[in-house]
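A.B. asks: Attaching a single structure in structure tokens format; questions to follow.
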Amino acid sequence: MSWILLVILAQFFYALVFIFDKYILSRSMPHQVVYSFYVGVLGIFVLVLIPFGFVMPNGAEIFWSLVAGVAQISGFLLFYKAVNREEISRVVPFVGAVSSVFVLILSSSIIKEFLTLRQIIAFVLLVLGCLVIGFRRKHFLRNGVLGLSIVSAFLFALFWVITKYLFLGTNFVSGLIWVRVGVVLIALTLLFSKKNRELIFSETKQVKSKTTKFFIFGRLFNVAGSLFLYLAAFLGSVTLTIAFQGLQYVFVLILALLLLKKIPVLKEQFNKEVLIQKIIAIIFICIGLSLLVI
């Protein structure tokens with residue numbers, strides 16, 4: 001299966017995650033520590049893959065797995081803090097676009113992954129599409145959100161480049177298990193703080209059962225999307241894999257139109273100006289995709 005098809009499937013599942021998260025955040029946004037903790041520790045389920053080719057890591061691989069864990073959990077903490085201050089539909093595309101640029105820089109310097117001219121053009125179009133689809137002319141990221149978003153984007157980029165580095169030295173199953181266990185271990189360190197423990201366990205008890213159900217479904221879709229994305233990063237270019245994040249919002253737009261009556265919180269603005277903006281973004285993304293496929 002082409003790694004590009006895997007990316008497309010991953011972004012479809014991430015679009016579903018976006019919708020479930022938007023529903024949860026519209027009701028009550030858990031503290032960033034709570035959200036980051038559960039998103040991190042749920043990665044423990046990757047251990048079910050151990051019988052399918054796991055190889056014990058050496059000291060260096062363990063070290064880089066922990067660094068990846070620090071990067072992702074720290075990125076989540078800053079990202080959810082930004083989402084607490086600004087609409088998720090504005091933060092996510094910006095973080096996605098900026099993290100793609102950071103991946104391009106880090107991957108070329110750390111793992112020596114370079115793009116051809118055709119791939120660079122496709123990359124630029126994909127990132128532009130991601131930026132355009134979340135752009136608001138009269139409202140840019142404020143209240144410290146811009147800084148939080150840029151730093152979280154860098155940390156997410158660092159996580160993906162380290163993940164690709166680990167993949168280059170082993171098989172897919174081993175690399176995936178190492179990096180996810182690293183994330184789980186770092187997420188568990190959040191419990192060292194008494195304040196964090198109180199936040200995590202008190203908010204867990206207060207969460208409504210319906211919200212919990214949506215969170216669980218969202219995490220299941222996230223697992224599916226993550227597996228496809230990790231496999232795509234393993235088989236293909238990590239730079240281009242991450243640059244495809246704009247495709248997620250094309251799926252979000254389609255799903256929002258289909259589910260608008262059933263889930264009013266997905267309401268999108270479909271006036272002339274916004275439609276033109278979204279169409280331009282979709283054109284950029286589709287041209288970028290076609291340059292990689294043809």
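Letters for chains follow the order of the structure tokens (A, B, ...), residue numbers begin at 1 for each chain, and ligand numbers begin at 1 in the order shown.
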Find the residues near segment 108-115 of chain A: any atom within 8 Å, counting only C-alpha atoms, skip ones fewer than 4 places away on the same chain, and give them as number ranges by chain.
C.D. replies: A: 104, 119-120, 161, 165, 237
A.B. asks: Near Leu125 of chain A, within 10 Å and counting only C-alpha atoms, which residues show up once chain neighbours fewer than 2 positions away are dropped, as a PyMOL selection string?
C.D. replies: chain A and resi 119-123+127-131+243-244+246+281-289+291
A.B. asks: Fewer than 3 positions away in the same chain doesn't count, so skip those; otherwise give me all residues within 8 Å of Glu61 of chain A, counting only C-alpha atoms, as an mmCIF file with N, CA and C atoms, in the first residue's frame.
C.D. replies:
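Listing of around_36.cif after writing:
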```cif
data_model
loop_
_atom_site.group_PDB
_atom_site.id
_atom_site.type_symbol
_atom_site.label_atom_id
_atom_site.label_comp_id
_atom_site.auth_asym_id
_atom_site.auth_seq_id
_atom_site.Cartn_x
_atom_site.Cartn_y
_atom_site.Cartn_z
ATOM 1 N N PRO A 57 15.491 -2.667 22.650
ATOM 2 C CA PRO A 57 16.304 -1.506 22.257
ATOM 3 C C PRO A 57 17.622 -1.444 23.007
ATOM 4 N N ASN A 58 18.592 -0.737 22.436
ATOM 5 C CA ASN A 58 19.848 -0.499 23.143
ATOM 6 C C ASN A 58 19.743 0.810 23.930
ATOM 7 N N TRP A 64 16.641 8.134 23.166
ATOM 8 C CA TRP A 64 15.903 8.926 22.182
ATOM 9 C C TRP A 64 14.394 8.705 22.282
ATOM 10 N N SER A 65 13.981 7.520 22.716
ATOM 11 C CA SER A 65 12.556 7.280 22.942
ATOM 12 C C SER A 65 12.030 8.173 24.057
ATOM 13 N N LEU A 166 14.423 6.678 14.760
ATOM 14 C CA LEU A 166 14.325 5.348 15.364
ATOM 15 C C LEU A 166 13.886 4.312 14.331
ATOM 16 N N TRP A 178 8.883 1.422 20.981
ATOM 17 C CA TRP A 178 9.854 2.219 21.738
ATOM 18 C C TRP A 178 9.363 3.646 21.942
#
```
A.B. asks: Taking 3 positions as the minimum chain separation for residues in the same chain, which residues sit within 8 Å of segment 30-38 of chain A when counting only C-alpha atoms? Answer as a list in words.
C.D. replies: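 Residues near the query, excluding close chain neighbours: Leu25, Val41, Leu42, Ile73, Phe76, Leu77, Leu78, Tyr80, Lys81, Asn84, Ala187, Leu188, Leu190, Asn196, Leu199, Ile200 and Glu203 of chain A.
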A.B. asks: Residues at most 8 Å from Tyr14 of chain A, counting only C-alpha atoms, excluding those fewer than 6 positions away in the same chain, as a list of chain:residue names?
C.D. replies: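 Once the nearby chain positions are removed, what remains is A:Phe221, A:Asn222, A:Gly225, A:Gln248.
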A.B. asks: Write a file of the selected residues as a JSON list (two decimals), in the first residue's frame, keeping N, CA and C atoms.
C.D. replies:
```json
[["chain", "number", "residue", "atom", "x", "y", "z"],
["A", 221, "PHE", "N", -10.30, 6.50, 17.38],
["A", 221, "PHE", "CA", -10.02, 7.00, 16.04],
["A", 221, "PHE", "C", -8.60, 7.54, 15.96],
["A", 222, "ASN", "N", -8.13, 8.14, 17.07],
["A", 222, "ASN", "CA", -6.76, 8.65, 17.10],
["A", 222, "ASN", "C", -5.74, 7.52, 16.98],
["A", 225, "GLY", "N", -5.73, 6.51, 13.32],
["A", 225, "GLY", "CA", -5.01, 7.51, 12.53],
["A", 225, "GLY", "C", -3.52, 7.48, 12.80],
["A", 248, "GLN", "N", -6.56, 16.97, 6.54],
["A", 248, "GLN", "CA", -7.49, 16.69, 7.63],
["A", 248, "GLN", "C", -8.67, 17.67, 7.62]]
```
A.B. asks: So which one's closest to Ser74 of chain A, A:Gly144, A:Gly40, A:Pro93, A:Gly236? Using only C-alpha atoms, please.
C.D. replies: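 Using only C-alpha atoms, the shortest distance to Ser74 of chain A belongs to A:Gly40.
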A.B. asks: Please return as an MDAnalysis selection string: the residues of segment 38-231 of chain A that backbone DSSP assigns to helix (DSSP H, G or I).
C.D. replies: chainID A and resid 38:52 59:85 88:110 117:134 145:168 172:192 194:206 209:231
A.B. asks: Under the rule that only C-alpha atoms are counted, which of A:Val92, A:Val293, A:Leu155, A:Ile4 is the nearest residue to Thr241 of chain A?
C.D. replies: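 Answer, going by the shortest atom-to-atom distance: A:Ile4.
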A.B. asks: Need to verify the contact set: Gly69 of chain A, 8 Å, only C-alpha atoms, exclusion of same-chain residues closer than 4 positions in sequence. Can you return it as a ChimeraX atom specification?
C.D. replies: /A:65,73,159,179-187
